[in-house]
>>> print(open('entry37.tsv').read())   # TSV, C-alpha atoms
chain	number	residue	atom	x	y	z
B	1	MET	CA	0.00	0.00	0.00
B	2	PHE	CA	2.58	2.54	1.12
B	3	HIS	CA	5.56	1.62	-1.01
B	4	LYS	CA	9.01	2.06	0.46
B	5	LYS	CA	11.71	3.67	-1.68
B	6	ASN	CA	15.25	2.26	-1.44
B	7	ASN	CA	14.04	-0.17	1.27
B	8	LEU	CA	13.51	2.77	3.65
B	9	ASP	CA	10.26	4.32	4.81
B	10	GLU	CA	9.68	8.05	5.29
B	11	ARG	CA	10.89	8.17	8.92
B	12	GLN	CA	14.04	6.23	8.05
B	13	LEU	CA	14.73	8.51	5.06
B	14	LEU	CA	14.42	11.51	7.37
B	15	LEU	CA	16.76	9.95	9.92
B	16	ARG	CA	19.23	8.96	7.20
B	17	GLY	CA	19.32	12.58	6.05
B	18	ASN	CA	20.03	13.71	9.62
B	19	ILE	CA	22.79	11.11	9.97
B	20	TYR	CA	24.43	12.25	6.72
B	21	GLY	CA	24.21	15.80	8.07
B	22	HIS	CA	25.92	14.81	11.34
B	23	THR	CA	28.60	12.93	9.42
B	24	PHE	CA	29.31	15.82	7.08
B	25	PHE	CA	29.53	18.21	10.05
B	26	LEU	CA	31.90	15.86	11.90
B	27	LEU	CA	34.06	15.44	8.79
B	28	MET	CA	34.24	19.20	8.32
B	29	LEU	CA	35.01	19.83	12.00
B	30	LEU	CA	37.78	17.22	12.12
B	31	THR	CA	39.32	18.42	8.84
B	32	VAL	CA	39.39	22.03	10.06
B	33	GLY	CA	40.81	20.90	13.42
B	34	ASN	CA	43.49	18.82	11.70
B	35	SER	CA	44.42	21.73	9.41
B	36	ALA	CA	44.69	24.04	12.43
B	37	LEU	CA	46.98	21.57	14.19
B	38	MET	CA	49.13	21.24	11.06
B	39	GLN	CA	49.40	25.04	10.83
B	40	GLN	CA	50.79	24.98	14.36
B	41	GLY	CA	53.27	22.28	13.32
B	42	ILE	CA	51.56	19.62	15.42
B	43	LEU	CA	51.49	16.23	13.70
B	44	TRP	CA	49.41	13.68	15.61
B	45	ALA	CA	49.60	10.85	13.05
B	46	GLU	CA	52.43	9.76	10.75
B	47	GLY	CA	52.27	10.35	6.99
B	48	GLN	CA	48.84	10.85	5.48
B	49	TRP	CA	47.16	8.80	8.19
B	50	SER	CA	45.58	11.82	9.88
B	51	TYR	CA	43.37	12.36	6.80
B	52	LEU	CA	42.59	8.66	6.51
B	53	LEU	CA	41.70	8.43	10.21
B	54	ILE	CA	39.32	11.39	9.86
B	55	VAL	CA	37.57	9.77	6.89
B	56	PHE	CA	37.38	6.35	8.57
B	57	LEU	CA	36.12	7.85	11.85
B	58	SER	CA	33.35	9.68	9.99
B	59	ILE	CA	32.37	6.47	8.17
B	60	ILE	CA	32.30	4.52	11.44
B	61	VAL	CA	30.22	7.17	13.22
B	62	CYS	CA	27.78	7.29	10.27
B	63	HIS	CA	27.33	3.50	10.20
B	64	THR	CA	27.08	3.21	13.98
B	65	GLU	CA	24.30	5.80	14.03
B	66	MET	CA	22.51	3.95	11.20
B	67	ILE	CA	22.79	0.65	13.08
B	68	TYR	CA	21.44	2.36	16.23
B	69	HIS	CA	18.36	3.54	14.31
B	70	ASN	CA	17.97	0.24	12.38
B	71	ILE	CA	18.50	1.94	9.03
B	72	TYR	CA	19.90	-0.24	6.26
B	73	PRO	CA	19.74	1.68	2.95
B	74	MET	CA	21.09	-1.20	0.83
B	75	GLY	CA	18.86	-3.86	2.40
B	76	GLU	CA	19.44	-5.92	5.53
B	77	LYS	CA	21.21	-8.81	3.75
B	78	PHE	CA	23.77	-6.50	2.15
B	79	HIS	CA	24.47	-4.79	5.46
B	80	LYS	CA	24.81	-8.12	7.25
B	81	PHE	CA	27.45	-9.09	4.67
B	82	LEU	CA	29.05	-5.63	4.91
B	83	TYR	CA	29.39	-5.65	8.70
B	84	SER	CA	30.59	-9.26	8.76
B	85	GLY	CA	33.23	-8.31	6.17
B	86	ALA	CA	34.16	-5.22	8.18
B	87	GLY	CA	34.62	-7.44	11.25
B	88	LEU	CA	37.01	-9.78	9.41
B	89	PHE	CA	38.84	-6.84	7.80
B	90	SER	CA	39.23	-5.21	11.21
B	91	LEU	CA	40.81	-8.35	12.66
B	92	ILE	CA	43.42	-8.30	9.87
B	93	MET	CA	43.92	-4.57	10.42
B	94	ILE	CA	44.63	-5.22	14.10
B	95	VAL	CA	46.58	-8.49	14.03
B	96	LEU	CA	49.05	-7.73	11.19
B	97	PRO	CA	50.28	-4.35	12.53
B	98	LEU	CA	50.46	-5.79	16.05
B	99	TRP	CA	52.63	-8.63	14.78
B	100	GLU	CA	54.85	-6.20	12.83
B	101	MET	CA	55.15	-3.92	15.86
B	102	ARG	CA	56.25	-6.81	18.00
B	103	VAL	CA	58.77	-8.22	15.49
B	104	LYS	CA	60.28	-4.88	14.38
B	105	ARG	CA	59.85	-3.26	17.83
B	106	ILE	CA	57.86	-0.34	16.46
B	107	PRO	CA	56.17	1.79	19.14
B	108	PHE	CA	52.49	2.84	19.05
B	109	THR	CA	53.47	6.51	19.16
B	110	ASN	CA	56.67	8.16	18.02
B	111	ASN	CA	57.53	11.78	18.95
B	112	GLY	CA	53.93	12.44	19.95
B	113	ALA	CA	52.49	11.13	16.66
B	114	VAL	CA	50.71	7.82	16.22
B	115	THR	CA	52.80	5.54	13.99
B	116	GLU	CA	51.41	4.02	10.77
B	117	ASN	CA	50.94	0.67	12.50
B	118	GLY	CA	49.20	2.39	15.39
B	119	CYS	CA	46.86	4.15	12.98
B	120	ALA	CA	46.02	0.86	11.26
B	121	ILE	CA	45.17	-0.63	14.66
B	122	LEU	CA	42.91	2.36	15.46
B	123	VAL	CA	41.05	1.94	12.15
B	124	GLY	CA	40.72	-1.79	12.80
B	125	ALA	CA	39.40	-1.15	16.31
B	126	GLY	CA	36.81	1.26	14.89
B	127	PHE	CA	35.55	-1.28	12.34
B	128	LEU	CA	35.56	-4.02	14.98
B	129	PHE	CA	33.44	-1.81	17.24
B	130	MET	CA	31.01	-1.21	14.33
B	131	SER	CA	30.65	-4.96	13.67
B	132	PHE	CA	30.13	-5.79	17.34
B	133	PHE	CA	27.59	-2.99	17.68
B	134	TYR	CA	25.65	-4.47	14.72
B	135	LEU	CA	25.78	-7.89	16.36
B	136	TYR	CA	24.62	-6.46	19.69
B	137	ARG	CA	21.76	-4.58	17.97
B	138	LYS	CA	20.56	-7.70	16.17
B	139	ILE	CA	20.64	-9.80	19.34
B	140	SER	CA	18.90	-7.13	21.44
B	141	ASP	CA	16.22	-6.69	18.74
B	142	LYS	CA	15.49	-10.42	18.80
B	143	ARG	CA	15.20	-10.45	22.60
B	144	ARG	CA	12.96	-7.39	22.68
B	145	PRO	CA	9.20	-8.07	22.69
B	146	GLU	CA	7.43	-7.38	19.40
B	147	GLU	CA	5.75	-4.29	20.81
B	148	ASP	CA	7.80	-1.91	22.94
M	149	MET	CA	4.01	14.70	21.31
M	150	ALA	CA	1.24	12.65	22.98
M	151	LYS	CA	0.88	8.92	22.48
M	152	ASN	CA	-1.51	7.87	19.74
M	153	LEU	CA	-3.63	5.37	21.64
M	154	LYS	CA	-6.34	5.46	18.96
M	155	ILE	CA	-4.15	3.62	16.46
M	156	LYS	CA	-3.15	1.10	19.12
M	157	ALA	CA	-6.80	0.51	20.03
M	158	ALA	CA	-7.86	0.18	16.38
M	159	ARG	CA	-5.00	-2.23	15.72
M	160	ALA	CA	-5.83	-4.27	18.81
M	161	GLY	CA	-9.47	-4.33	17.65
M	162	LEU	CA	-8.36	-6.07	14.47
M	163	ASP	CA	-6.07	-8.36	16.49
M	164	MET	CA	-3.00	-7.16	14.61
M	165	THR	CA	0.55	-6.80	15.86
M	166	GLN	CA	2.68	-3.75	15.12
M	167	GLN	CA	4.72	-5.84	12.68
M	168	GLN	CA	1.62	-6.98	10.78
M	169	LEU	CA	0.29	-3.44	10.51
M	170	ALA	CA	3.72	-2.13	9.49
M	171	ASP	CA	3.99	-4.81	6.78
M	172	LYS	CA	0.55	-3.98	5.40
M	173	VAL	CA	1.26	-0.26	5.39
M	174	GLY	CA	4.77	-0.75	3.99
M	175	VAL	CA	6.89	0.75	6.75
M	176	SER	CA	9.23	-0.68	9.36
M	177	ARG	CA	7.97	-1.88	12.76
M	178	GLN	CA	10.13	0.77	14.40
M	179	THR	CA	8.31	3.48	12.44
M	180	MET	CA	4.91	2.08	13.45
M	181	ASN	CA	6.09	1.99	17.05
M	182	ALA	CA	7.32	5.59	16.84
M	183	ILE	CA	3.95	6.73	15.49
M	184	GLU	CA	2.04	4.97	18.29
M	185	LYS	CA	4.41	6.37	20.91
M	186	GLY	CA	4.02	9.85	19.45
M	187	ASP	CA	7.72	10.11	18.66
M	188	TYR	CA	7.16	10.57	14.94
M	189	ASN	CA	4.63	12.72	13.10
M	190	PRO	CA	3.71	10.80	9.90
M	191	THR	CA	2.97	12.44	6.54
M	192	ILE	CA	-0.62	12.63	5.36
M	193	LYS	CA	0.16	9.90	2.81
M	194	LEU	CA	1.18	7.48	5.55
M	195	CYS	CA	-1.77	8.53	7.75
M	196	VAL	CA	-4.17	7.67	4.90
M	197	ALA	CA	-2.44	4.32	4.37
M	198	ILE	CA	-2.81	3.47	8.08
M	199	CYS	CA	-6.47	4.53	8.05
M	200	LYS	CA	-7.21	2.34	5.02
M	201	VAL	CA	-5.63	-0.73	6.62
M	202	LEU	CA	-7.38	-0.19	9.96
M	203	GLY	CA	-10.72	0.75	8.35
M	204	HIS	CA	-11.04	4.10	10.08
M	205	THR	CA	-11.11	7.73	8.97
M	206	LEU	CA	-8.36	10.28	9.50
M	207	ASN	CA	-10.57	11.99	12.09
M	208	ASP	CA	-10.97	8.75	14.04
M	209	LEU	CA	-7.25	8.09	14.32
M	210	PHE	CA	-5.42	11.38	14.05
M	211	TRP	CA	-7.71	14.20	15.21
M	212	GLU	CA	-6.86	15.58	18.62
M	213	GLU	CA	-9.94	16.83	20.49
M	214	GLU	CA	-7.90	19.02	22.81
M	215	ASN	CA	-6.58	21.11	19.93
M	216	THR	CA	-10.12	21.57	18.57
M	217	ASN	CA	-11.31	23.16	21.79
M	218	VAL	CA	-8.30	25.43	21.98
M	219	SER	CA	-8.68	26.58	18.37
M	220	GLN	CA	-12.43	27.15	18.85
M	221	GLU	CA	-11.77	29.19	21.97
M	222	LYS	CA	-9.26	31.30	20.07
M	223	GLN	CA	-11.67	31.72	17.17
M	224	PHE	CA	-14.67	32.75	19.22
M	225	GLY	CA	-12.77	34.63	21.91
>>> encode(input="entry37.tsv", output="structure tokens")
Amino acid sequence: MFHKKNNLDERQLLLRGNIYGHTFFLLMLLTVGNSALMQQGILWAEGQWSYLLIVFLSIIVCHTEMIYHNIYPMGEKFHKFLYSGAGLFSLIMIVLPLWEMRVKRIPFTNNGAVTENGCAILVGAGFLFMSFFYLYRKISDKRRPEED
Amino acid sequence: MAKNLKIKAARAGLDMTQQQLADKVGVSRQTMNAIEKGDYNPTIKLCVAICKVLGHTLNDLFWEEENTNVSQEKQFG
């Protein structure tokens, strides 16, 4: 009767718009903050990782908010596959740099800046959090009574 | 926003769950729940769809008597 567009209903479309707004604002804020720090000569992450971390953090915040509101724009099956993949990817992102850090004795931070391996671990931890949050949401939704 | 108990009562009258009503209307259960709890103000298109499924009019399910009295008082001083 009331056909959904892109698998989302009107409330979900509204929420998705708000989430994209939050994400864009966060991305802008972090980019400006990072630029200000760079102007002052403060480098908090090695190489180009500061930009990558900002982008990844925005993506993780966006997806976490979507999971919280049960919004899956590409369909639930796709998102289940996506978050499972993100979970596996995050494990690789954490284990490989950890192993390299241990073998080559690379520290997590160097001269006040997070090393490349440290940054990879942070990204991995973010994606792992996203996957576990999805898992938690699915389990809590199943346990919740049909009408709340 | 106040809870919409009229929808809940009409749904219960037809022995339907939130999920069943949401499926028939074409929205998510969370959206149906938000409407009943008064957390979300649906568009007129969705209101009509809900009314058609529940077999009621817009007045039956979405008109708030309290507002009518207030507006009448304002109109007639």
>>> closest_atom_pairs(input="entry37.tsv", of="chain M", to="chain B", cutoff="7 Å", atoms="only C-alpha atoms", output="tab-separated table")
residue	atom	partner	partner_atom	distance
M:Gln166	CA	B:Glu147	CA	6.5
M:Lys172	CA	B:Met1	CA	6.7
M:Val173	CA	B:Phe2	CA	5.3
M:Gly174	CA	B:Phe2	CA	4.9
M:Val175	CA	B:Asp9	CA	5.3
M:Ser176	CA	B:Asp9	CA	6.8
M:Thr179	CA	B:Arg11	CA	6.4
M:Leu194	CA	B:Phe2	CA	6.8
M:Ala197	CA	B:Phe2	CA	6.2
>>> closest_residue(input="entry37.tsv", among="M:Ile155, M:Leu209, M:Leu202, M:Cys195", to="Asn181 in chain M", atoms="only C-alpha atoms")
M:Ile155
>>> residues_around(input="entry37.tsv", residues="His79 in chain B", least_positions_apart="6", cutoff="10 Å", atoms="all atoms listed in the file", output="list in words")
His63, Ile67, Ile71, Tyr72, Pro73, Gly85 and Tyr134 of chain B
>>> residues_around(input="entry37.tsv", residues="Cys119 in chain B", least_positions_apart="2", cutoff="12 Å", atoms="only C-alpha atoms", output="PyMOL selection string")
chain B and resi 44-54+56-57+93-94+97-98+101+107-110+113-117+121-126
>>> write_last_selection(input="entry37.tsv", atoms="C-alpha atoms", output="PDB file, in the frame of the given file")
ATOM      1  CA  TRP B  44      49.410  13.680  15.610  1.00  0.00           C
ATOM      2  CA  ALA B  45      49.600  10.850  13.050  1.00  0.00           C
ATOM      3  CA  GLU B  46      52.430   9.760  10.750  1.00  0.00           C
ATOM      4  CA  GLY B  47      52.270  10.350   6.990  1.00  0.00           C
ATOM      5  CA  GLN B  48      48.840  10.850   5.480  1.00  0.00           C
ATOM      6  CA  TRP B  49      47.160   8.800   8.190  1.00  0.00           C
ATOM      7  CA  SER B  50      45.580  11.820   9.880  1.00  0.00           C
ATOM      8  CA  TYR B  51      43.370  12.360   6.800  1.00  0.00           C
ATOM      9  CA  LEU B  52      42.590   8.660   6.510  1.00  0.00           C
ATOM     10  CA  LEU B  53      41.700   8.430  10.210  1.00  0.00           C
ATOM     11  CA  ILE B  54      39.320  11.390   9.860  1.00  0.00           C
ATOM     12  CA  PHE B  56      37.380   6.350   8.570  1.00  0.00           C
ATOM     13  CA  LEU B  57      36.120   7.850  11.850  1.00  0.00           C
ATOM     14  CA  MET B  93      43.920  -4.570  10.420  1.00  0.00           C
ATOM     15  CA  ILE B  94      44.630  -5.220  14.100  1.00  0.00           C
ATOM     16  CA  PRO B  97      50.280  -4.350  12.530  1.00  0.00           C
ATOM     17  CA  LEU B  98      50.460  -5.790  16.050  1.00  0.00           C
ATOM     18  CA  MET B 101      55.150  -3.920  15.860  1.00  0.00           C
ATOM     19  CA  PRO B 107      56.170   1.790  19.140  1.00  0.00           C
ATOM     20  CA  PHE B 108      52.490   2.840  19.050  1.00  0.00           C
ATOM     21  CA  THR B 109      53.470   6.510  19.160  1.00  0.00           C
ATOM     22  CA  ASN B 110      56.670   8.160  18.020  1.00  0.00           C
ATOM     23  CA  ALA B 113      52.490  11.130  16.660  1.00  0.00           C
ATOM     24  CA  VAL B 114      50.710   7.820  16.220  1.00  0.00           C
ATOM     25  CA  THR B 115      52.800   5.540  13.990  1.00  0.00           C
ATOM     26  CA  GLU B 116      51.410   4.020  10.770  1.00  0.00           C
ATOM     27  CA  ASN B 117      50.940   0.670  12.500  1.00  0.00           C
ATOM     28  CA  ILE B 121      45.170  -0.630  14.660  1.00  0.00           C
ATOM     29  CA  LEU B 122      42.910   2.360  15.460  1.00  0.00           C
ATOM     30  CA  VAL B 123      41.050   1.940  12.150  1.00  0.00           C
ATOM     31  CA  GLY B 124      40.720  -1.790  12.800  1.00  0.00           C
ATOM     32  CA  ALA B 125      39.400  -1.150  16.310  1.00  0.00           C
ATOM     33  CA  GLY B 126      36.810   1.260  14.890  1.00  0.00           C
TER      34      GLY B 126
END
>>> atom_distance(input="entry37.tsv", atom1="CA of Leu169 in chain M", atom2="CA of Ile19 in chain B")
26.8 Å
>>> atom_distance(input="entry37.tsv", atom1="CA of Phe210 in chain M", atom2="CA of Tyr68 in chain B")
28.4 Å
>>> atom_distance(input="entry37.tsv", atom1="CA of Ile60 in chain B", atom2="CA of Phe24 in chain B")
12.5 Å
>>> closest_residue(input="entry37.tsv", among="B:Ser58, B:Glu100, B:Leu13, B:Glu76", to="Thr31 in chain B", atoms="all atoms listed in the file")
B:Ser58
>>> axis_aligned_box(input="entry37.tsv", around="range 150-164 of chain M", padding_each_side="4 Å", output="lines of an AutoDock Vina configuration file")
center_x = -4.1
center_y = 2.1
center_z = 18.7
size_x = 18.7
size_y = 29.0
size_z = 16.5
>>> closest_residue(input="entry37.tsv", among="M:Ile192, M:Leu206, M:Val201, M:Ile183", to="Lys156 in chain M", atoms="all atoms listed in the file")
M:Ile183
>>> closest_residue(input="entry37.tsv", among="B:Leu96, B:Met66, B:Leu27, B:Leu91", to="Leu14 in chain B", atoms="only C-alpha atoms")
B:Met66
>>> residues_around(input="entry37.tsv", residues="Gly87 in chain B", least_positions_apart="2", cutoff="7 Å", atoms="all atoms listed in the file", output="PDB file with C-alpha atoms, in the frame of the given file")
ATOM      1  CA  TYR B  83      29.390  -5.650   8.700  1.00  0.00           C
ATOM      2  CA  SER B  84      30.590  -9.260   8.760  1.00  0.00           C
ATOM      3  CA  GLY B  85      33.230  -8.310   6.170  1.00  0.00           C
ATOM      4  CA  PHE B  89      38.840  -6.840   7.800  1.00  0.00           C
ATOM      5  CA  SER B  90      39.230  -5.210  11.210  1.00  0.00           C
ATOM      6  CA  LEU B  91      40.810  -8.350  12.660  1.00  0.00           C
ATOM      7  CA  PHE B 127      35.550  -1.280  12.340  1.00  0.00           C
ATOM      8  CA  LEU B 128      35.560  -4.020  14.980  1.00  0.00           C
ATOM      9  CA  SER B 131      30.650  -4.960  13.670  1.00  0.00           C
TER      10      SER B 131
END
>>> closest_residue(input="entry37.tsv", among="M:Gln167, M:Asn207, M:Glu213, M:Cys199", to="Met180 in chain M", atoms="all atoms listed in the file")
M:Gln167
>>> build_atoms(input="entry37.tsv", residues="range 188-217 of chain M", atoms="N, CA and C atoms", output="PDB file, in the frame of the given file")
ATOM      1  N   TYR M 188       7.025  10.170  16.348  1.00  0.00           N
ATOM      2  CA  TYR M 188       7.160  10.570  14.940  1.00  0.00           C
ATOM      3  C   TYR M 188       5.798  11.023  14.403  1.00  0.00           C
ATOM      4  N   ASN M 189       5.838  12.150  13.693  1.00  0.00           N
ATOM      5  CA  ASN M 189       4.630  12.720  13.100  1.00  0.00           C
ATOM      6  C   ASN M 189       4.562  12.280  11.628  1.00  0.00           C
ATOM      7  N   PRO M 190       3.689  11.322  11.278  1.00  0.00           N
ATOM      8  CA  PRO M 190       3.710  10.800   9.900  1.00  0.00           C
ATOM      9  C   PRO M 190       3.146  11.799   8.884  1.00  0.00           C
ATOM     10  N   THR M 191       3.513  11.595   7.617  1.00  0.00           N
ATOM     11  CA  THR M 191       2.970  12.440   6.540  1.00  0.00           C
ATOM     12  C   THR M 191       1.517  12.040   6.319  1.00  0.00           C
ATOM     13  N   ILE M 192       0.801  12.885   5.622  1.00  0.00           N
ATOM     14  CA  ILE M 192      -0.620  12.630   5.360  1.00  0.00           C
ATOM     15  C   ILE M 192      -0.784  11.341   4.528  1.00  0.00           C
ATOM     16  N   LYS M 193       0.194  11.087   3.664  1.00  0.00           N
ATOM     17  CA  LYS M 193       0.160   9.900   2.810  1.00  0.00           C
ATOM     18  C   LYS M 193       0.196   8.629   3.671  1.00  0.00           C
ATOM     19  N   LEU M 194       1.062   8.640   4.667  1.00  0.00           N
ATOM     20  CA  LEU M 194       1.180   7.480   5.550  1.00  0.00           C
ATOM     21  C   LEU M 194      -0.044   7.379   6.471  1.00  0.00           C
ATOM     22  N   CYS M 195      -0.559   8.529   6.910  1.00  0.00           N
ATOM     23  CA  CYS M 195      -1.770   8.530   7.750  1.00  0.00           C
ATOM     24  C   CYS M 195      -2.930   7.870   7.004  1.00  0.00           C
ATOM     25  N   VAL M 196      -3.083   8.234   5.723  1.00  0.00           N
ATOM     26  CA  VAL M 196      -4.170   7.670   4.900  1.00  0.00           C
ATOM     27  C   VAL M 196      -3.978   6.167   4.755  1.00  0.00           C
ATOM     28  N   ALA M 197      -2.726   5.749   4.520  1.00  0.00           N
ATOM     29  CA  ALA M 197      -2.440   4.320   4.370  1.00  0.00           C
ATOM     30  C   ALA M 197      -2.801   3.552   5.646  1.00  0.00           C
ATOM     31  N   ILE M 198      -2.484   4.116   6.795  1.00  0.00           N
ATOM     32  CA  ILE M 198      -2.810   3.470   8.080  1.00  0.00           C
ATOM     33  C   ILE M 198      -4.327   3.388   8.250  1.00  0.00           C
ATOM     34  N   CYS M 199      -5.003   4.493   7.928  1.00  0.00           N
ATOM     35  CA  CYS M 199      -6.470   4.530   8.050  1.00  0.00           C
ATOM     36  C   CYS M 199      -7.130   3.473   7.176  1.00  0.00           C
ATOM     37  N   LYS M 200      -6.623   3.322   5.957  1.00  0.00           N
ATOM     38  CA  LYS M 200      -7.210   2.340   5.020  1.00  0.00           C
ATOM     39  C   LYS M 200      -7.046   0.920   5.560  1.00  0.00           C
ATOM     40  N   VAL M 201      -5.867   0.626   6.098  1.00  0.00           N
ATOM     41  CA  VAL M 201      -5.630  -0.730   6.620  1.00  0.00           C
ATOM     42  C   VAL M 201      -6.494  -0.985   7.850  1.00  0.00           C
ATOM     43  N   LEU M 202      -6.625   0.011   8.713  1.00  0.00           N
ATOM     44  CA  LEU M 202      -7.380  -0.190   9.960  1.00  0.00           C
ATOM     45  C   LEU M 202      -8.889   0.043   9.793  1.00  0.00           C
ATOM     46  N   GLY M 203      -9.287   0.546   8.611  1.00  0.00           N
ATOM     47  CA  GLY M 203     -10.720   0.750   8.350  1.00  0.00           C
ATOM     48  C   GLY M 203     -11.326   1.888   9.153  1.00  0.00           C
ATOM     49  N   HIS M 204     -10.559   2.922   9.360  1.00  0.00           N
ATOM     50  CA  HIS M 204     -11.040   4.100  10.080  1.00  0.00           C
ATOM     51  C   HIS M 204     -10.784   5.348   9.235  1.00  0.00           C
ATOM     52  N   THR M 205     -11.359   6.469   9.672  1.00  0.00           N
ATOM     53  CA  THR M 205     -11.110   7.730   8.970  1.00  0.00           C
ATOM     54  C   THR M 205      -9.936   8.453   9.624  1.00  0.00           C
ATOM     55  N   LEU M 206      -9.456   9.481   8.938  1.00  0.00           N
ATOM     56  CA  LEU M 206      -8.360  10.280   9.500  1.00  0.00           C
ATOM     57  C   LEU M 206      -8.787  10.919  10.819  1.00  0.00           C
ATOM     58  N   ASN M 207     -10.047  11.380  10.855  1.00  0.00           N
ATOM     59  CA  ASN M 207     -10.570  11.990  12.090  1.00  0.00           C
ATOM     60  C   ASN M 207     -10.536  11.012  13.257  1.00  0.00           C
ATOM     61  N   ASP M 208     -10.926   9.763  12.977  1.00  0.00           N
ATOM     62  CA  ASP M 208     -10.970   8.750  14.040  1.00  0.00           C
ATOM     63  C   ASP M 208      -9.589   8.534  14.667  1.00  0.00           C
ATOM     64  N   LEU M 209      -8.572   8.490  13.834  1.00  0.00           N
ATOM     65  CA  LEU M 209      -7.250   8.090  14.320  1.00  0.00           C
ATOM     66  C   LEU M 209      -6.282   9.229  14.608  1.00  0.00           C
ATOM     67  N   PHE M 210      -6.452  10.345  13.916  1.00  0.00           N
ATOM     68  CA  PHE M 210      -5.420  11.380  14.050  1.00  0.00           C
ATOM     69  C   PHE M 210      -5.914  12.737  14.581  1.00  0.00           C
ATOM     70  N   TRP M 211      -7.228  12.900  14.731  1.00  0.00           N
ATOM     71  CA  TRP M 211      -7.710  14.200  15.210  1.00  0.00           C
ATOM     72  C   TRP M 211      -7.581  14.293  16.717  1.00  0.00           C
ATOM     73  N   GLU M 212      -7.016  15.395  17.166  1.00  0.00           N
ATOM     74  CA  GLU M 212      -6.860  15.580  18.620  1.00  0.00           C
ATOM     75  C   GLU M 212      -7.924  16.552  19.117  1.00  0.00           C
ATOM     76  N   GLU M 213      -8.816  16.037  19.980  1.00  0.00           N
ATOM     77  CA  GLU M 213      -9.940  16.830  20.490  1.00  0.00           C
ATOM     78  C   GLU M 213      -9.485  18.085  21.232  1.00  0.00           C
ATOM     79  N   GLU M 214      -8.402  17.928  21.982  1.00  0.00           N
ATOM     80  CA  GLU M 214      -7.900  19.020  22.810  1.00  0.00           C
ATOM     81  C   GLU M 214      -7.591  20.250  21.967  1.00  0.00           C
ATOM     82  N   ASN M 215      -6.957  20.014  20.819  1.00  0.00           N
ATOM     83  CA  ASN M 215      -6.580  21.110  19.930  1.00  0.00           C
ATOM     84  C   ASN M 215      -7.817  21.804  19.370  1.00  0.00           C
ATOM     85  N   THR M 216      -8.892  21.015  19.126  1.00  0.00           N
ATOM     86  CA  THR M 216     -10.120  21.570  18.570  1.00  0.00           C
ATOM     87  C   THR M 216     -10.695  22.600  19.526  1.00  0.00           C
ATOM     88  N   ASN M 217     -10.747  22.240  20.804  1.00  0.00           N
ATOM     89  CA  ASN M 217     -11.310  23.160  21.790  1.00  0.00           C
ATOM     90  C   ASN M 217     -10.488  24.442  21.883  1.00  0.00           C
TER      91      ASN M 217
END
